[in-house]
Structure formats: C-alpha cells, structure tokens
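start-v3.pdb (PDB, C-alpha atoms)
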MODEL        1
ATOM      1  CA  GLU A   1     -10.291  78.315 -74.285
ATOM      2  CA  THR A   2     -13.292  76.058 -73.650
ATOM      3  CA  ALA A   3     -10.961  73.358 -72.271
ATOM      4  CA  ILE A   4      -9.349  75.846 -69.859
ATOM      5  CA  GLU A   5     -12.785  77.086 -68.793
ATOM      6  CA  ALA A   6     -13.892  73.481 -68.196
ATOM      7  CA  LEU A   7     -10.845  72.845 -65.973
ATOM      8  CA  ARG A   8     -11.611  76.004 -64.000
ATOM      9  CA  LYS A   9     -15.136  74.696 -63.397
ATOM     10  CA  GLY A  10     -13.867  71.356 -62.062
ATOM     11  CA  ALA A  11     -13.139  69.099 -65.054
ATOM     12  CA  TYR A  12     -10.305  66.645 -64.294
ATOM     13  CA  ASP A  13      -8.840  66.488 -67.811
ATOM     14  CA  TYR A  14      -9.554  67.204 -71.490
ATOM     15  CA  MET A  15      -8.615  65.623 -74.824
ATOM     16  CA  ILE A  16      -7.910  66.976 -78.262
ATOM     17  CA  LYS A  17      -9.477  65.466 -81.390
ATOM     18  CA  PRO A  18      -8.870  63.171 -83.166
ATOM     19  CA  ILE A  19      -9.410  60.779 -80.230
ATOM     20  CA  ASN A  20      -6.822  58.078 -79.513
ATOM     21  CA  PHE A  21      -8.746  55.333 -77.702
ATOM     22  CA  GLU A  22      -5.654  53.936 -75.923
ATOM     23  CA  ASP A  23      -5.097  57.425 -74.548
ATOM     24  CA  VAL A  24      -8.771  57.553 -73.457
ATOM     25  CA  ALA A  25      -8.337  54.299 -71.504
ATOM     26  CA  ILE A  26      -5.176  55.568 -69.739
ATOM     27  CA  ARG A  27      -6.803  58.881 -68.814
ATOM     28  CA  LEU A  28      -9.938  57.133 -67.533
ATOM     29  CA  GLU A  29      -7.780  54.895 -65.320
ATOM     30  CA  LYS A  30      -6.046  57.981 -63.900
ATOM     31  CA  LEU A  31      -9.417  59.650 -63.369
ATOM     32  CA  LEU A  32     -10.784  56.606 -61.514
ATOM     33  CA  ASP A  33      -7.641  56.502 -59.312
ATOM     34  CA  HIS A  34      -8.145  60.207 -58.604
ATOM     35  CA  LYS A  35     -11.810  59.654 -57.645
ATOM     36  CA  LYS A  36     -10.793  56.760 -55.392
ATOM     37  CA  LEU A  37      -8.277  58.975 -53.582
ATOM     38  CA  LEU A  38     -10.908  61.687 -53.126
ATOM     39  CA  ARG A  39     -13.365  59.170 -51.649
ATOM     40  CA  GLU A  40     -10.679  57.762 -49.329
ATOM     41  CA  ASN A  41      -9.789  61.284 -48.238
ATOM     42  CA  VAL A  42     -13.437  62.075 -47.404
ATOM     43  CA  ALA A  43     -13.837  58.752 -45.562
ATOM     44  CA  LEU A  44     -10.622  59.338 -43.600
ATOM     45  CA  ARG A  45     -11.738  62.847 -42.630
ATOM     46  CA  GLN A  46     -15.131  61.505 -41.480
ATOM     47  CA  GLU A  47     -13.376  58.777 -39.466
ATOM     48  CA  VAL A  48     -11.097  61.329 -37.774
ATOM     49  CA  ASN A  49     -14.054  63.633 -37.089
ATOM     50  CA  SER A  50     -16.001  60.790 -35.470
ATOM     51  CA  GLN A  51     -12.907  59.697 -33.534
ATOM     52  CA  TYR A  52     -12.741  63.112 -31.903
ATOM     53  CA  GLY A  53     -16.462  63.821 -31.821
ATOM     54  CA  TYR A  54     -18.329  64.878 -28.705
ATOM     55  CA  SER A  55     -19.173  61.224 -27.990
ATOM     56  CA  ASN A  56     -15.559  60.682 -26.936
ATOM     57  CA  ILE A  57     -15.989  62.972 -23.939
ATOM     58  CA  ILE A  58     -17.107  60.144 -21.659
ATOM     59  CA  GLY A  59     -19.211  60.745 -18.557
ATOM     60  CA  LYS A  60     -22.549  61.707 -17.076
ATOM     61  CA  SER A  61     -21.384  63.582 -13.962
ATOM     62  CA  LYS A  62     -22.351  67.217 -13.499
ATOM     63  CA  ALA A  63     -18.685  68.238 -13.802
ATOM     64  CA  ILE A  64     -18.131  66.563 -17.182
ATOM     65  CA  ARG A  65     -21.538  67.632 -18.541
ATOM     66  CA  SER A  66     -20.519  71.224 -17.828
ATOM     67  CA  VAL A  67     -17.291  70.690 -19.815
ATOM     68  CA  PHE A  68     -19.265  69.057 -22.650
ATOM     69  CA  ALA A  69     -21.686  72.023 -22.875
ATOM     70  CA  THR A  70     -18.793  74.519 -22.947
ATOM     71  CA  VAL A  71     -16.912  72.555 -25.636
ATOM     72  CA  GLN A  72     -20.022  72.545 -27.864
ATOM     73  CA  LYS A  73     -20.413  76.321 -27.534
ATOM     74  CA  VAL A  74     -16.704  77.054 -27.965
ATOM     75  CA  ALA A  75     -16.335  74.878 -31.072
ATOM     76  CA  GLU A  76     -18.731  77.132 -32.996
ATOM     77  CA  SER A  77     -16.569  80.214 -32.336
ATOM     78  CA  GLU A  78     -13.043  81.144 -33.397
ATOM     79  CA  SER A  79     -11.974  82.408 -29.969
ATOM     80  CA  ASN A  80      -8.749  81.293 -28.291
ATOM     81  CA  VAL A  81      -9.223  78.700 -25.558
ATOM     82  CA  LEU A  82      -7.232  77.848 -22.433
ATOM     83  CA  ILE A  83      -7.696  74.294 -21.128
ATOM     84  CA  THR A  84      -6.582  73.687 -17.544
ATOM     85  CA  GLY A  85      -6.509  70.574 -15.405
ATOM     86  CA  LYS A  86      -4.211  67.977 -13.911
ATOM     87  CA  SER A  87      -1.918  65.959 -16.143
ATOM     88  CA  GLY A  88      -3.838  62.999 -17.602
ATOM     89  CA  THR A  89      -7.315  64.546 -17.516
ATOM     90  CA  GLY A  90      -7.629  64.622 -21.333
ATOM     91  CA  LYS A  91      -6.714  68.179 -22.341
ATOM     92  CA  GLU A  92      -5.555  67.209 -25.847
ATOM     93  CA  LEU A  93      -8.690  65.094 -26.411
ATOM     94  CA  VAL A  94     -10.843  68.138 -25.568
ATOM     95  CA  ALA A  95      -8.699  70.344 -27.834
ATOM     96  CA  LYS A  96      -9.203  67.898 -30.720
ATOM     97  CA  SER A  97     -12.953  67.752 -30.051
ATOM     98  CA  ILE A  98     -13.081  71.551 -30.341
ATOM     99  CA  HIS A  99     -11.045  71.540 -33.567
ATOM    100  CA  TYR A 100     -12.842  68.705 -35.369
ATOM    101  CA  ASN A 101     -16.257  70.164 -34.572
ATOM    102  CA  SER A 102     -15.337  73.720 -35.567
ATOM    103  CA  PRO A 103     -15.173  75.734 -38.818
ATOM    104  CA  HIS A 104     -11.392  75.047 -38.713
ATOM    105  CA  ASN A 105     -11.805  71.282 -39.130
ATOM    106  CA  LYS A 106     -10.742  71.341 -42.780
ATOM    107  CA  GLY A 107      -7.379  72.733 -41.682
ATOM    108  CA  ARG A 108      -4.743  70.875 -39.708
ATOM    109  CA  PHE A 109      -4.610  70.254 -35.963
ATOM    110  CA  LEU A 110      -1.004  70.686 -34.876
ATOM    111  CA  ALA A 111       0.113  70.021 -31.307
ATOM    112  CA  VAL A 112       3.355  71.425 -29.910
ATOM    113  CA  ASN A 113       4.880  70.863 -26.482
ATOM    114  CA  CYS A 114       6.056  74.327 -25.467
ATOM    115  CA  GLY A 115       8.422  72.865 -22.878
ATOM    116  CA  ALA A 116      10.298  70.929 -25.566
ATOM    117  CA  ILE A 117      11.194  73.890 -27.832
ATOM    118  CA  THR A 118      14.591  75.426 -27.080
ATOM    119  CA  GLU A 119      14.741  79.202 -26.878
ATOM    120  CA  THR A 120      17.201  79.478 -29.777
ATOM    121  CA  LEU A 121      14.930  77.524 -32.144
ATOM    122  CA  PHE A 122      11.604  78.991 -31.006
ATOM    123  CA  GLU A 123      11.214  81.552 -33.810
ATOM    124  CA  SER A 124      12.283  79.080 -36.487
ATOM    125  CA  GLU A 125       9.918  76.358 -35.209
ATOM    126  CA  MET A 126       6.930  78.648 -34.757
ATOM    127  CA  PHE A 127       7.379  81.164 -37.583
ATOM    128  CA  GLY A 128       9.691  79.391 -40.050
ATOM    129  CA  HIS A 129      12.918  80.621 -41.636
ATOM    130  CA  LYS A 130      14.455  81.575 -44.957
ATOM    131  CA  LYS A 131      17.322  79.715 -46.564
ATOM    132  CA  GLY A 132      20.699  80.929 -45.271
ATOM    133  CA  SER A 133      19.228  82.877 -42.331
ATOM    134  CA  PHE A 134      21.436  80.906 -39.909
ATOM    135  CA  THR A 135      23.906  78.016 -39.941
ATOM    136  CA  GLY A 136      22.044  74.873 -40.958
ATOM    137  CA  ALA A 137      19.192  76.698 -42.722
ATOM    138  CA  VAL A 138      19.793  74.994 -46.077
ATOM    139  CA  ALA A 139      16.256  75.617 -47.385
ATOM    140  CA  ASP A 140      13.165  77.708 -46.680
ATOM    141  CA  LYS A 141      11.029  76.158 -43.952
ATOM    142  CA  ASP A 142       7.426  76.859 -42.943
ATOM    143  CA  GLY A 143       6.836  77.270 -39.232
ATOM    144  CA  LEU A 144       3.989  75.763 -37.216
ATOM    145  CA  PHE A 145       1.816  78.864 -37.686
ATOM    146  CA  GLN A 146       1.988  78.527 -41.482
ATOM    147  CA  ALA A 147       1.486  74.753 -41.331
ATOM    148  CA  ALA A 148      -1.645  75.271 -39.192
ATOM    149  CA  HIS A 149      -3.039  78.070 -41.419
ATOM    150  CA  ASN A 150      -6.869  77.848 -41.415
ATOM    151  CA  GLY A 151      -6.559  75.163 -38.730
ATOM    152  CA  THR A 152      -5.745  74.892 -35.024
ATOM    153  CA  LEU A 153      -2.451  75.194 -33.163
ATOM    154  CA  PHE A 154      -2.509  73.393 -29.811
ATOM    155  CA  LEU A 155       0.084  74.852 -27.435
ATOM    156  CA  ASP A 156       0.504  72.220 -24.733
ATOM    157  CA  GLU A 157       2.372  73.018 -21.497
ATOM    158  CA  ILE A 158       2.090  76.740 -22.285
ATOM    159  CA  ALA A 159       3.332  77.589 -18.767
ATOM    160  CA  GLU A 160       6.769  76.195 -19.714
ATOM    161  CA  LEU A 161       7.306  78.938 -22.322
ATOM    162  CA  PRO A 162      10.160  81.312 -21.274
ATOM    163  CA  LEU A 163       9.331  85.039 -21.008
ATOM    164  CA  THR A 164      11.400  86.003 -24.070
ATOM    165  CA  MET A 165       9.350  83.611 -26.228
ATOM    166  CA  GLN A 166       6.082  84.761 -24.659
ATOM    167  CA  SER A 167       6.481  88.279 -26.067
ATOM    168  CA  LYS A 168       7.098  86.913 -29.589
ATOM    169  CA  LEU A 169       4.069  84.638 -29.352
ATOM    170  CA  LEU A 170       1.927  87.519 -28.076
ATOM    171  CA  ARG A 171       2.852  89.689 -31.066
ATOM    172  CA  ALA A 172       1.878  86.912 -33.501
ATOM    173  CA  LEU A 173      -1.485  86.490 -31.750
ATOM    174  CA  GLU A 174      -2.208  90.220 -31.676
ATOM    175  CA  THR A 175      -1.252  91.024 -35.276
ATOM    176  CA  ARG A 176      -2.164  87.634 -36.843
ATOM    177  CA  GLU A 177       1.108  88.023 -38.713
ATOM    178  CA  ILE A 178       4.427  86.207 -38.487
ATOM    179  CA  LEU A 179       7.930  87.140 -39.598
ATOM    180  CA  PRO A 180      10.023  84.094 -40.555
ATOM    181  CA  VAL A 181      13.673  84.249 -39.458
ATOM    182  CA  GLY A 182      15.649  86.013 -42.193
ATOM    183  CA  ALA A 183      12.533  87.341 -43.974
ATOM    184  CA  THR A 184      11.917  91.030 -44.677
ATOM    185  CA  SER A 185       8.124  90.954 -44.891
ATOM    186  CA  THR A 186       5.433  89.510 -42.657
ATOM    187  CA  ILE A 187       2.979  86.743 -43.577
ATOM    188  CA  LYS A 188      -0.712  86.811 -42.629
ATOM    189  CA  VAL A 189      -1.924  83.696 -40.813
ATOM    190  CA  HIS A 190      -5.399  82.570 -39.788
ATOM    191  CA  VAL A 191      -4.924  80.132 -36.910
ATOM    192  CA  ARG A 192      -7.066  79.256 -33.910
ATOM    193  CA  ILE A 193      -5.032  78.884 -30.712
ATOM    194  CA  ILE A 194      -5.875  76.364 -28.005
ATOM    195  CA  ALA A 195      -3.443  76.377 -25.078
ATOM    196  CA  ALA A 196      -3.243  73.932 -22.182
ATOM    197  CA  THR A 197      -1.523  73.767 -18.821
ATOM    198  CA  ASN A 198      -1.632  71.829 -15.557
ATOM    199  CA  ASN A 199      -0.225  74.872 -13.715
ATOM    200  CA  ASN A 200      -2.060  77.808 -12.163
ATOM    201  CA  LEU A 201      -1.242  80.463 -14.781
ATOM    202  CA  MET A 202      -2.700  83.303 -12.700
ATOM    203  CA  GLU A 203      -0.246  82.436  -9.916
ATOM    204  CA  GLN A 204       2.592  82.543 -12.454
ATOM    205  CA  VAL A 205       1.361  85.948 -13.633
ATOM    206  CA  LYS A 206       1.500  87.232 -10.033
ATOM    207  CA  LYS A 207       5.049  85.877  -9.641
ATOM    208  CA  GLY A 208       6.111  87.515 -12.911
ATOM    209  CA  ASP A 209       6.826  84.200 -14.646
ATOM    210  CA  PHE A 210       4.020  84.582 -17.199
ATOM    211  CA  ARG A 211       2.988  87.700 -19.095
ATOM    212  CA  GLU A 212      -0.383  89.046 -18.004
ATOM    213  CA  ASP A 213      -1.246  90.344 -21.500
ATOM    214  CA  LEU A 214      -0.511  86.917 -23.034
ATOM    215  CA  TYR A 215      -2.583  85.221 -20.318
ATOM    216  CA  TYR A 216      -5.642  87.304 -21.203
ATOM    217  CA  ARG A 217      -5.019  86.884 -24.935
ATOM    218  CA  LEU A 218      -5.049  83.075 -24.518
ATOM    219  CA  ASN A 219      -7.743  82.912 -21.856
ATOM    220  CA  VAL A 220     -10.715  84.200 -23.851
ATOM    221  CA  ILE A 221     -12.536  81.052 -22.737
ATOM    222  CA  GLU A 222     -11.220  78.751 -20.014
ATOM    223  CA  ILE A 223     -12.223  75.100 -19.785
ATOM    224  CA  LYS A 224     -11.326  73.504 -16.442
ATOM    225  CA  LEU A 225     -11.147  69.720 -16.673
ATOM    226  CA  PRO A 226     -12.244  67.972 -13.476
ATOM    227  CA  SER A 227     -10.132  65.381 -11.692
ATOM    228  CA  LEU A 228     -11.404  61.790 -11.476
ATOM    229  CA  GLU A 229     -11.686  62.514  -7.743
ATOM    230  CA  ASP A 230     -14.528  64.908  -8.621
ATOM    231  CA  ARG A 231     -16.287  62.581 -11.068
ATOM    232  CA  ARG A 232     -16.116  59.091  -9.599
ATOM    233  CA  GLU A 233     -19.530  58.243 -11.074
ATOM    234  CA  ASP A 234     -17.858  58.400 -14.518
ATOM    235  CA  ILE A 235     -15.203  55.760 -13.775
ATOM    236  CA  ALA A 236     -17.476  52.792 -14.617
ATOM    237  CA  LEU A 237     -18.344  54.428 -17.980
ATOM    238  CA  LEU A 238     -14.662  55.104 -18.701
ATOM    239  CA  VAL A 239     -13.737  51.515 -17.853
ATOM    240  CA  ASP A 240     -16.438  50.230 -20.219
ATOM    241  CA  HIS A 241     -15.215  52.614 -22.938
ATOM    242  CA  PHE A 242     -11.592  51.432 -22.604
ATOM    243  CA  VAL A 243     -12.583  47.750 -22.543
ATOM    244  CA  LYS A 244     -14.441  48.232 -25.854
ATOM    245  CA  LYS A 245     -11.508  50.204 -27.299
ATOM    246  CA  TYR A 246      -8.967  47.464 -26.496
ATOM    247  CA  ASN A 247     -11.366  44.703 -27.565
ATOM    248  CA  ARG A 248     -11.186  46.266 -31.037
ATOM    249  CA  GLN A 249      -7.422  46.814 -30.951
ATOM    250  CA  MET A 250      -6.503  43.409 -29.491
ATOM    251  CA  ASN A 251      -9.272  41.414 -31.202
ATOM    252  CA  LYS A 252     -10.646  40.199 -27.862
ATOM    253  CA  GLN A 253     -14.189  39.638 -26.605
ATOM    254  CA  VAL A 254     -14.080  40.823 -22.996
ATOM    255  CA  VAL A 255     -17.711  41.412 -21.986
ATOM    256  CA  GLN A 256     -17.347  43.070 -18.607
ATOM    257  CA  VAL A 257     -15.133  43.838 -15.634
ATOM    258  CA  ASP A 258     -15.716  41.805 -12.480
ATOM    259  CA  PRO A 259     -18.079  43.835 -10.210
ATOM    260  CA  GLN A 260     -15.743  43.519  -7.188
ATOM    261  CA  LEU A 261     -12.818  44.801  -9.223
ATOM    262  CA  LEU A 262     -14.951  47.650 -10.613
ATOM    263  CA  GLU A 263     -15.707  48.705  -7.035
ATOM    264  CA  VAL A 264     -11.960  48.815  -6.343
ATOM    265  CA  LEU A 265     -11.338  50.896  -9.479
ATOM    266  CA  ILE A 266     -14.091  53.376  -8.562
ATOM    267  CA  ASN A 267     -12.693  53.910  -5.052
ATOM    268  CA  ARG A 268      -9.014  53.943  -5.987
ATOM    269  CA  ARG A 269      -7.071  57.224  -6.030
ATOM    270  CA  TRP A 270      -5.881  57.762  -9.609
ATOM    271  CA  GLN A 271      -2.750  59.895  -9.311
ATOM    272  CA  GLY A 272      -2.301  59.918 -13.096
ATOM    273  CA  GLU A 273      -5.990  60.599 -13.750
ATOM    274  CA  VAL A 274      -7.760  59.175 -16.852
ATOM    275  CA  ARG A 275      -4.438  58.353 -18.540
ATOM    276  CA  GLU A 276      -3.434  56.095 -15.629
ATOM    277  CA  LEU A 277      -6.879  54.431 -15.612
ATOM    278  CA  GLU A 278      -6.617  53.715 -19.348
ATOM    279  CA  ASN A 279      -3.105  52.258 -18.965
ATOM    280  CA  PHE A 280      -4.382  50.022 -16.162
ATOM    281  CA  ILE A 281      -7.255  48.695 -18.313
ATOM    282  CA  GLU A 282      -4.898  48.153 -21.264
ATOM    283  CA  ARG A 283      -2.552  46.047 -19.091
ATOM    284  CA  MET A 284      -5.492  43.996 -17.793
ATOM    285  CA  MET A 285      -6.796  43.441 -21.320
ATOM    286  CA  ILE A 286      -3.401  42.106 -22.426
ATOM    287  CA  PHE A 287      -3.528  39.394 -19.743
ATOM    288  CA  ALA A 288      -7.282  38.660 -19.960
ATOM    289  CA  HIS A 289      -7.785  35.045 -21.111
ATOM    290  CA  ASP A 290     -11.594  34.873 -20.982
ATOM    291  CA  ASP A 291     -14.603  37.204 -21.221
TER
ENDMDL
END

What is this file in structure tokens?
Amino acid sequence: ETAIEALRKGAYDYMIKPINFEDVAIRLEKLLDHKKLLRENVALRQEVNSQYGYSNIIGKSKAIRSVFATVQKVAESESNVLITGKSGTGKELVAKSIHYNSPHNKGRFLAVNCGAITETLFESEMFGHKKGSFTGAVADKDGLFQAAHNGTLFLDEIAELPLTMQSKLLRALETREILPVGATSTIKVHVRIIAATNNNLMEQVKKGDFREDLYYRLNVIEIKLPSLEDRREDIALLVDHFVKKYNRQMNKQVVQVDPQLLEVLINRRWQGEVRELENFIERMMIFAHDD
C-alpha cells in the first residue's frame, strides 16, 4: 500500500526487500534514462515556444504593431480567432504565436487545410470513426478534434469548406462535442479554434457560400494581417531576419545585404508577400560566396 501511495505521489519505481543490487543498478539506469527524456521534452517545448514567440512577429510599422498588440491580448483568452490577409502574409505563424503563448500551449497545435479534405472523408478526418463504420475502417481512429484536445486546431483556408461540412463543423463548435462516424455517443472536446482565409468571408456570406452563423462563431476576434505594400518600413527588418535564419541553416557568415539591393527590395512589389520575400533571400543566400 505504501508503494502504491508513493507511485501516486510521483515516485518512478519501488523495490521489494531483500534488495538485489544488480536489480538496483538496472532500475537506476532506467530512471536516469527517464529523467533525461523528461529534460529533453522540457527543452524541446521551450525551444518550440521560443521559435513561435512574439519576437518572431517581425516589424516596427504601425500596422504590424497593431497586430502584435492584438495577438498578445488574444493569446490570454480562449476565444476563437479568425485571421485574414493575403496569401503569404504569415497567417500560420500568427496562429502558432497565439497557441504557444496561450493556456493551450501544453496541448497540440494541429493545422488542417480545409480545401484539401474531401466531403466524403470530412467527418472521419475531423471527428474520427469506429472500426467497421465504413469500408476501409479497419480500426478505431481519433479525429483531429480529439487529437487537438486541450490544444489548438488551426483551420486554414476555411472559405474552401463546402456548405454541408460547415453545418457539421458549426455543431461541433456550439456543443463542444463530436460524434465519431459509427459511434452511438458523443465525446466532449476542449479545443481552441483558429481559422484563416485570404478571402472576404463576409462577401461569401452575402452570396450564400458561407454560413453566417459559422462566420460569427469563428469571428469572435478578427486579426487582419497587413500586406507588405502597407508596411514597407518592415522589409529591411525582415530581410535581416531571413539572412540570420539562413546563416544558421546554411552555416554561412553573410553580414549584410548590399544597400543598393536593399533599396530595390524595399521598393519592389511582392506579389507573394512575406513568403515570396523569404524565398528570394533563401535563393540569394545559396549563391552568396562572401559576406
């Protein structure tokens, strides 16, 4: 009984007398391996948290400072968030910053491209299924909602979701319950939803392509990401950030970008936004042969 009580209070293992010292050595080795894994897990979590910390939202422009302030406020809450902006503006980066600086950061961050899920597999992918519920269901499977329990589910390209799927998603958000395909009872889930789109969802609501009730359920807080066109003063900072990033990855020592080239980059029209700018810097870093 005392051994069981000790395990409940956090002991890793227990031994029965008389003591076998070879057994002690083996158990100590296992304990040390266990402690090492725990330390690595904590270090990895800290590394991920820092990787998606607020410092990764690069810029000093008024537009990006407004985004930064909103992200800090939103992260403390559990409200659903809708992130809008052109493709390449960093919607997933902002979503990860919210997750890793929120009370949900001990849970998983799962991203799903809503445009890539076929209508027939939507319920199975999102809510899971029971063995034998349809052809090919050879075992029970957890859906994304269960996998993201106590974490964050990032619904990218939410505008691509067909109307039939929208109603099923809305019910899960309203009830905080899911019904796996083939199951007879619902499962409670605690998941924070962050959705993203580069479309005007309100226009889609007016056209009847997106459910109004789902729009308001997702859009508790909206974060509009500015285009590079509206934050040109941030381009030099972004360039510096990407140079440092690829210095680390490529083991190079590039010190700066030529001032004339920087002027070109600042005044260029970036159709693909920050993603295109980063790709451009990466290509240049590959061919850079000096500092």

Closest to A:Phe210 among A:Gln249, A:Thr135, A:Ser167, A:Asn198, using all atoms listed in the file?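 Smallest separation from A:Phe210 among the options: A:Ser167.
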
Near-A:Leu153 list (8 Å; only C-alpha atoms; drop same-chain fewer than 3 positions) as a list in words: Phe109, Leu110, Ala111, Val112, Leu144, Phe145, Ala148, Val191, Arg192, Ile193 and Ile194 of chain A

Shell of 12 Å around A:Tyr216, all atoms listed in the file, local chain residues under 5 positions omitted, as a VMD selection string: chain A and resid 79 to 82 170 173 to 174 195 201 to 202 205 210 to 211 221 to 222

Protein, DNA and RNA residues within 12 Å of (4.0, 74.2, -42.8), all atoms listed in the file, as a ChimeraX atom specification: /A:107-110,124-129,140-151,153,180,189

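With all atoms listed in the file as the atoms that count, the residue of A:Ile187, A:Phe21, A:Arg8, A:Glu278 with the shortest distance to A:Lys245 is A:Glu278.
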
Name the residues that the PyMOL selection byres ((chain A and resi 90) around 9) picks from the file above, as a ChimeraX atom specification, using the file's chain letters and numbers. /A:57,85-89,91-95,225,273-275

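If you look at atom CA of A:Phe280 and atom CA of A:Lys62, they are 25.0 Å away from each other.
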
What would the selection look like, as a list in words, if the PyMOL selection byres ((chain A and resi 188) around 7) were run on the coordinates I just shared? Arg176, Glu177, Ile178, Thr186, Ile187, Val189 and His190 of chain A

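Each of A:Ile286, A:Ile266, A:Val24, A:Ile98 was compared to A:Arg231 using all atoms listed in the file, and A:Ile266 turns out to be the nearest.
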
How would you write, as a VMD selection string, the residues chosen by the PyMOL selection byres ((chain A and resi 131) around 10) on this structure? chain A and resid 129 to 130 132 to 141 181 to 183

Distance of atom CA of A:Ser102 from atom CA of A:Ala75, expressed in Å to one decimal place: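 For atom CA of A:Ala75 relative to atom CA of A:Ser102, the distance reads 4.7 Å.
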
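Taking atom CA of A:Lys252 as the reference point, atom CA of A:Met284 is found at 11.9 Å.
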
Counting all atoms listed in the file, find the residues whose atoms lie at most 12 Å from (-6.2, 52.2, -14.2) (file coordinates) and write them out as a VMD selection string. chain A and resid 88 228 235 to 236 238 to 239 242 to 243 261 to 262 264 to 285
